[in-house]
Amino acid sequence: MACIVNFPALTNPNQPHASSTLSPVRCSANLSKSLASQLSFVSSFDHGFGSDASIRFHLKKSPTMKAFNSAVCGGSHIVASVKLEPPKIMISGAPASGKGTQCELITKKYGLVHVAAGDLLRAEIATGSENGKRAKEYMEKGQLVPDEIVVMMVKDRLFKPDSKENGWLLDGYPRSLSQATAFKKFGFEPDLFILLEVSEDVLVERVVGRRLDPVTGKIYHLKYSPPENEEIAARLTQRFDDTEEKVKLRLQTHHQNVEAVLSMYENITVKINGNVSKEEVFAQIDSAITNLLEQRKAASGSMAA
Ligand code: AP5
């Protein structure tokens with residue numbers, strides 16, 4: 001009877017952040033569960049996205065496994081097919097640097113699950129819960145909402161099956177060293193950290209002109225990204241923290257915390273010039289993601305060869 005073997009996690013020692021959980025692996029041999037449990041993976045790899053790869057498994061040198069090895073595998077390797085994990089990406093930047101706008105474009109092309117800490121908090125406020133009420137007090141002051149509210153909210157969302165299956169795009173989290181540390185403790189390891197760099201005068205202009213469509217969730221800007229028609233224009237809303245006065249407080253909070261967060265993700269950070277048009281910003285991001293996926297494909301290909 002063919003046996004499904006689950007290998008819990010594989011880590012590339014050259015890129016310790018690039019760990020992967022394998023989908024069930026179907027061995028092509030008749031294999032009892034006790035034998036299957038003795039299989040060990042001795043190579044390592046960095047994963048590509050959405051593609052299957054051939055991975056070689058060696059057998060432990062126990063007498064039973066030696067016998068199995070020579071009887072079933074002819075003394076060589078079992079070759080198994082695995083589905084590699086989709087990417088996990090973080091996007092960061094000052095208030096109104098364009099994170100949400102770019103997330104729309106990224107998810108459209110790559111199908112990742114967009115998880116925005118600010119959106120989760122606004123949804124909590126809308127429920128009228130105690131946590132929501134507390135969160136709003138901090139958001140109105142342009143301060144970070146306490147970790148005990150935010151951290152679990154983000155963690156729970158990322159543990160949902162769609163995030164695991166499609167990969168995730170985390171927007172506006174972590175925003176402090178304590179959040180980044182908690183994130184790591186939960187076992188979340190991003191593959192790429194995108195940092196949008198935008199000058200301060202541009203940020204203020206973007207905040208005050210931003211409008212949201214409550215029906216589609218689409219982000220507009222009165223000058224740079226105006227609504228398509230009168231009907232949409234009439235229903236646009238403005239966020240309660242999108243005033244010039246409040247954005248200055250939000251910027252202050254951002255500057256106090258950003259360096260500590262960056263230091264955690266230095267080796268996977270790509271800095272993007274966010275001062276240009278949204279299409280030009282996306283072109284830079286698209287190229288960074290393409291590079292990431294190509295590197296992973298090449299690494300998994302050379303490992304399988
Ligand atoms: P959050 O909702 O995350 O707000 P933010 O970080 O201040 O970022 P924004 O959503 O304001 O901007 P964005 O970068 O997404 O820009 P957008 O694409 O919309 O957080 C709100 C609050 O929640 C925080 O202040 C905090 O209190 C709390 N919070 C959130 N996360 C937390 C956490 N982890 N821990 C604790 N508290 C947390 O673009 C802005 C405008 O510019 C739009 O109108 C858009 O159309 C326009 N635009 C975008 N790109 C371009 C471009 N290239 N050219 C011209 N216009 C552009």
# chains A, B, ... in the order shown; residues from 1 in each chain; ligands from 1
>>> residues_near_ligand(ligand="ligand 1", cutoff="6 Å", atoms="only C-alpha atoms and all ligand atoms", output="PyMOL selection string")
chain A and resi 94-101+117-119+138-139+142-145+150+172-175+206-207+209-211+219-221+224-225+250+274+276-278
>>> residues_around(residues="region 178-186 of chain A", least_positions_apart="4", cutoff="10 Å", atoms="only C-alpha atoms", output="PyMOL selection string")
chain A and resi 146-148+150-152+154-155+159+173-174+190+260-262+264-265
>>> write_last_selection(atoms="all heavy atoms", output="compact mmCIF listing (two decimals), in the first residue's frame")
# COMPACT_ATOMS: atom_id res chain seq x y z
N PRO A 146 -1.87 48.88 21.40
CA PRO A 146 -1.07 47.95 22.21
C PRO A 146 -0.97 46.54 21.60
O PRO A 146 -1.91 46.05 20.99
CB PRO A 146 -1.81 47.92 23.56
CG PRO A 146 -2.61 49.17 23.59
CD PRO A 146 -2.94 49.51 22.19
N ASP A 147 0.17 45.93 21.86
CA ASP A 147 0.46 44.60 21.30
C ASP A 147 -0.60 43.56 21.65
O ASP A 147 -0.90 42.69 20.84
CB ASP A 147 1.82 44.09 21.82
CG ASP A 147 2.98 44.77 21.12
OD1 ASP A 147 2.72 45.62 20.24
OD2 ASP A 147 4.13 44.46 21.46
N GLU A 148 -1.14 43.64 22.87
CA GLU A 148 -2.09 42.58 23.26
C GLU A 148 -3.33 42.56 22.37
O GLU A 148 -4.03 41.56 22.29
CB GLU A 148 -2.46 42.67 24.75
CG GLU A 148 -3.26 43.89 25.16
CD GLU A 148 -2.39 45.00 25.73
OE1 GLU A 148 -1.18 45.02 25.41
OE2 GLU A 148 -2.91 45.86 26.48
N VAL A 150 -3.15 43.85 18.90
CA VAL A 150 -2.73 43.67 17.50
C VAL A 150 -2.10 42.31 17.22
O VAL A 150 -2.39 41.67 16.21
CB VAL A 150 -1.71 44.77 17.10
CG1 VAL A 150 -1.36 44.69 15.64
CG2 VAL A 150 -2.25 46.12 17.44
N VAL A 151 -1.22 41.88 18.11
CA VAL A 151 -0.40 40.71 17.82
C VAL A 151 -1.25 39.46 17.55
O VAL A 151 -1.06 38.77 16.54
CB VAL A 151 0.60 40.47 18.99
CG1 VAL A 151 1.30 39.12 18.84
CG2 VAL A 151 1.63 41.59 19.03
N MET A 152 -2.23 39.19 18.43
CA MET A 152 -3.04 37.99 18.24
C MET A 152 -3.94 38.10 17.01
O MET A 152 -4.20 37.13 16.32
CB MET A 152 -3.90 37.72 19.48
CG MET A 152 -3.10 37.44 20.73
SD MET A 152 -1.80 36.23 20.47
CE MET A 152 -2.74 34.73 20.59
N VAL A 154 -3.30 39.61 14.18
CA VAL A 154 -2.53 39.32 12.97
C VAL A 154 -2.18 37.82 12.92
O VAL A 154 -2.32 37.17 11.89
CB VAL A 154 -1.25 40.20 12.91
CG1 VAL A 154 -0.33 39.75 11.78
CG2 VAL A 154 -1.63 41.66 12.75
N LYS A 155 -1.75 37.30 14.04
CA LYS A 155 -1.37 35.89 14.10
C LYS A 155 -2.54 35.00 13.67
O LYS A 155 -2.41 34.12 12.83
CB LYS A 155 -0.94 35.53 15.52
CG LYS A 155 -0.41 34.11 15.63
CD LYS A 155 -0.50 33.58 17.03
CE LYS A 155 -1.80 32.83 17.22
NZ LYS A 155 -1.95 32.09 18.45
N PHE A 159 -2.76 32.41 10.38
CA PHE A 159 -2.89 30.97 10.57
C PHE A 159 -4.09 30.39 9.84
O PHE A 159 -4.29 29.19 9.82
CB PHE A 159 -2.97 30.62 12.06
CG PHE A 159 -1.60 30.37 12.68
CD1 PHE A 159 -1.19 31.05 13.82
CD2 PHE A 159 -0.71 29.47 12.10
CE1 PHE A 159 0.07 30.82 14.37
CE2 PHE A 159 0.55 29.24 12.65
CZ PHE A 159 0.93 29.91 13.79
N TYR A 173 2.67 45.63 9.44
CA TYR A 173 2.99 44.81 10.61
C TYR A 173 4.26 44.03 10.30
O TYR A 173 4.35 43.48 9.20
CB TYR A 173 1.85 43.85 10.93
CG TYR A 173 2.07 43.10 12.24
CD1 TYR A 173 1.51 43.54 13.42
CD2 TYR A 173 2.90 41.98 12.28
CE1 TYR A 173 1.74 42.87 14.62
CE2 TYR A 173 3.14 41.31 13.47
CZ TYR A 173 2.55 41.77 14.62
OH TYR A 173 2.80 41.11 15.80
N PRO A 174 5.23 43.93 11.21
CA PRO A 174 5.29 44.53 12.54
C PRO A 174 5.70 46.00 12.48
O PRO A 174 6.38 46.43 11.55
CB PRO A 174 6.36 43.71 13.24
CG PRO A 174 7.23 43.20 12.14
CD PRO A 174 6.38 43.06 10.92
N PRO A 190 9.30 35.78 6.97
CA PRO A 190 9.03 36.30 5.63
C PRO A 190 10.19 36.02 4.67
O PRO A 190 11.33 35.84 5.10
CB PRO A 190 8.89 37.81 5.87
CG PRO A 190 9.66 38.07 7.11
CD PRO A 190 9.56 36.82 7.95
N ALA A 260 14.15 49.93 14.40
CA ALA A 260 14.19 48.66 15.15
C ALA A 260 13.60 47.52 14.31
O ALA A 260 14.13 46.40 14.29
CB ALA A 260 13.42 48.80 16.45
N VAL A 261 12.54 47.81 13.57
CA VAL A 261 11.91 46.78 12.74
C VAL A 261 12.84 46.41 11.58
O VAL A 261 13.08 45.23 11.29
CB VAL A 261 10.53 47.24 12.22
CG1 VAL A 261 9.95 46.25 11.23
CG2 VAL A 261 9.58 47.47 13.38
N LEU A 262 13.40 47.46 10.95
CA LEU A 262 14.29 47.20 9.81
C LEU A 262 15.48 46.33 10.19
O LEU A 262 15.91 45.48 9.41
CB LEU A 262 14.81 48.53 9.24
CG LEU A 262 13.79 49.38 8.48
CD1 LEU A 262 14.44 50.64 7.95
CD2 LEU A 262 13.19 48.57 7.34
N MET A 264 15.62 43.92 12.04
CA MET A 264 15.25 42.49 12.10
C MET A 264 15.22 41.84 10.70
O MET A 264 15.27 40.63 10.57
CB MET A 264 13.86 42.31 12.72
CG MET A 264 13.73 42.72 14.15
SD MET A 264 14.29 41.45 15.29
CE MET A 264 12.97 40.25 15.24
N TYR A 265 15.01 42.67 9.67
CA TYR A 265 14.79 42.09 8.34
C TYR A 265 15.81 42.58 7.30
O TYR A 265 15.57 42.47 6.10
CB TYR A 265 13.36 42.43 7.87
CG TYR A 265 12.32 41.89 8.81
CD1 TYR A 265 11.59 42.74 9.63
CD2 TYR A 265 12.10 40.52 8.92
CE1 TYR A 265 10.64 42.24 10.52
CE2 TYR A 265 11.16 40.02 9.81
CZ TYR A 265 10.44 40.87 10.61
OH TYR A 265 9.53 40.37 11.50
>>> select_by_dssp(residues="region 52-257 of chain A", states="helix (DSSP H, G or I)", output="tab-separated table (two decimals) with C-alpha atoms, in the first residue's frame")
chain	number	residue	atom	x	y	z
A	63	PRO	CA	19.30	-2.17	9.66
A	64	THR	CA	15.59	-2.13	8.80
A	65	MET	CA	16.02	0.81	6.52
A	66	LYS	CA	19.12	-0.70	4.90
A	67	ALA	CA	17.04	-3.75	4.08
A	68	PHE	CA	14.22	-1.58	2.77
A	69	ASN	CA	16.65	0.52	0.81
A	70	SER	CA	18.15	-2.37	-1.03
A	71	ALA	CA	14.88	-4.30	-1.49
A	72	VAL	CA	12.65	-1.48	-2.69
A	99	LYS	CA	1.29	50.25	0.97
A	100	GLY	CA	-2.42	49.59	0.44
A	101	THR	CA	-2.28	50.78	-3.17
A	102	GLN	CA	0.64	48.48	-3.97
A	103	CYS	CA	-0.97	45.57	-2.11
A	104	GLU	CA	-3.95	45.78	-4.49
A	105	LEU	CA	-1.61	45.44	-7.47
A	106	ILE	CA	0.55	42.71	-5.90
A	107	THR	CA	-2.39	40.52	-4.87
A	108	LYS	CA	-3.94	40.92	-8.31
A	109	LYS	CA	-0.81	39.56	-9.96
A	110	TYR	CA	0.42	37.03	-7.40
A	117	ALA	CA	-3.04	45.41	10.43
A	118	GLY	CA	-4.86	48.75	10.02
A	119	ASP	CA	-7.78	47.07	8.21
A	120	LEU	CA	-8.06	44.40	10.90
A	121	LEU	CA	-8.19	47.15	13.53
A	122	ARG	CA	-10.80	49.16	11.64
A	123	ALA	CA	-12.91	46.01	11.28
A	124	GLU	CA	-12.64	45.48	15.06
A	125	ILE	CA	-13.72	49.08	15.67
A	126	ALA	CA	-16.74	48.50	13.43
A	127	THR	CA	-17.89	45.59	15.63
A	130	GLU	CA	-14.05	46.67	23.83
A	131	ASN	CA	-10.84	45.98	21.91
A	132	GLY	CA	-12.14	48.08	19.04
A	133	LYS	CA	-12.95	50.98	21.35
A	134	ARG	CA	-9.49	50.83	22.92
A	135	ALA	CA	-7.81	50.58	19.51
A	136	LYS	CA	-9.63	53.66	18.26
A	137	GLU	CA	-8.33	55.75	21.17
A	138	TYR	CA	-4.76	55.00	20.12
A	139	MET	CA	-5.40	55.39	16.41
A	140	GLU	CA	-6.94	58.81	16.97
A	147	ASP	CA	0.46	44.60	21.30
A	148	GLU	CA	-2.09	42.58	23.26
A	149	ILE	CA	-4.72	43.67	20.74
A	150	VAL	CA	-2.73	43.67	17.50
A	151	VAL	CA	-0.40	40.71	17.82
A	152	MET	CA	-3.04	37.99	18.24
A	153	MET	CA	-5.25	39.58	15.60
A	154	VAL	CA	-2.53	39.32	12.97
A	155	LYS	CA	-1.37	35.89	14.10
A	156	ASP	CA	-4.90	34.44	13.92
A	157	ARG	CA	-5.38	35.83	10.42
A	158	LEU	CA	-2.10	34.39	9.14
A	161	PRO	CA	-5.89	28.13	5.70
A	162	ASP	CA	-6.06	30.64	2.82
A	163	SER	CA	-2.91	32.42	4.03
A	164	LYS	CA	-1.07	29.14	4.33
A	165	GLU	CA	-2.20	27.90	0.91
A	166	ASN	CA	-1.75	31.07	-1.14
A	177	LEU	CA	10.58	45.51	17.86
A	178	SER	CA	8.22	43.74	20.26
A	179	GLN	CA	5.82	42.91	17.40
A	180	ALA	CA	8.68	41.65	15.23
A	181	THR	CA	9.97	39.50	18.07
A	182	ALA	CA	6.52	38.05	18.80
A	183	PHE	CA	6.08	37.35	15.10
A	184	LYS	CA	9.30	35.37	14.99
A	185	LYS	CA	8.34	33.41	18.08
A	200	GLU	CA	7.45	63.70	3.97
A	201	ASP	CA	5.76	66.48	1.97
A	202	VAL	CA	4.46	63.89	-0.49
A	203	LEU	CA	3.07	61.79	2.39
A	204	VAL	CA	1.03	64.64	3.81
A	205	GLU	CA	-0.48	65.45	0.42
A	206	ARG	CA	-1.38	61.79	-0.10
A	207	VAL	CA	-3.08	61.52	3.30
A	208	VAL	CA	-5.31	64.55	2.99
A	209	GLY	CA	-6.40	63.63	-0.55
A	230	GLU	CA	-19.96	60.44	-10.24
A	231	GLU	CA	-21.71	57.54	-8.54
A	232	ILE	CA	-18.48	56.33	-6.93
A	233	ALA	CA	-17.40	59.91	-6.13
A	234	ALA	CA	-20.62	60.48	-4.19
A	235	ARG	CA	-20.10	57.54	-1.86
A	244	GLU	CA	-2.85	66.85	8.36
A	245	GLU	CA	-2.69	67.17	12.13
A	246	LYS	CA	-3.05	63.43	12.75
A	247	VAL	CA	-0.70	62.33	10.01
A	248	LYS	CA	2.08	64.31	11.69
A	249	LEU	CA	1.55	62.30	14.88
A	250	ARG	CA	1.47	59.05	12.86
A	251	LEU	CA	4.72	60.01	11.15
A	252	GLN	CA	6.34	60.69	14.50
A	253	THR	CA	5.31	57.22	15.73
A	254	HIS	CA	6.63	55.69	12.50
A	255	HIS	CA	10.05	57.35	12.87
A	256	GLN	CA	10.35	56.20	16.48
A	257	ASN	CA	9.92	52.54	15.55
>>> atom_distance(atom1="CA of Phe240 (chain A)", atom2="CA of Pro214 (chain A)")
13.7 Å
>>> atom_distance(atom1="CA of Thr290 (chain A)", atom2="CA of Leu192 (chain A)")
11.2 Å
>>> closest_residue(among="A:Leu293, A:Ile268, A:Met90, A:Leu212", to="Asp242 (chain A)", atoms="only C-alpha atoms")
A:Leu212
>>> closest_residue(among="A:Leu292, A:Asp171, A:Glu266, A:Asn273", to="Leu196 (chain A)", atoms="only C-alpha atoms")
A:Asn273
>>> residues_around(residues="Ile272 (chain A)", least_positions_apart="4", cutoff="8 Å", atoms="only C-alpha atoms", output="PDB file with C-alpha atoms, in the first residue's frame")
ATOM      1  CA  ILE A 194       9.543  45.650   0.936  1.00  0.00           C
ATOM      2  CA  LEU A 195      10.219  49.141   2.244  1.00  0.00           C
ATOM      3  CA  LEU A 196       8.508  52.050   0.474  1.00  0.00           C
ATOM      4  CA  GLU A 197      10.534  55.246   0.789  1.00  0.00           C
ATOM      5  CA  VAL A 281       6.408  51.878  -7.889  1.00  0.00           C
ATOM      6  CA  GLN A 284      10.099  48.043  -8.953  1.00  0.00           C
ATOM      7  CA  ILE A 285       8.182  45.769  -6.582  1.00  0.00           C
TER       8      ILE A 285
END
>>> select_by_dssp(residues="region 134-220 of chain A", states="strand (DSSP E or B)", output="count of residues only")
15
>>> atom_distance(atom1="CA of Asn275 (chain A)", atom2="CA of Lys218 (chain A)")
20.4 Å
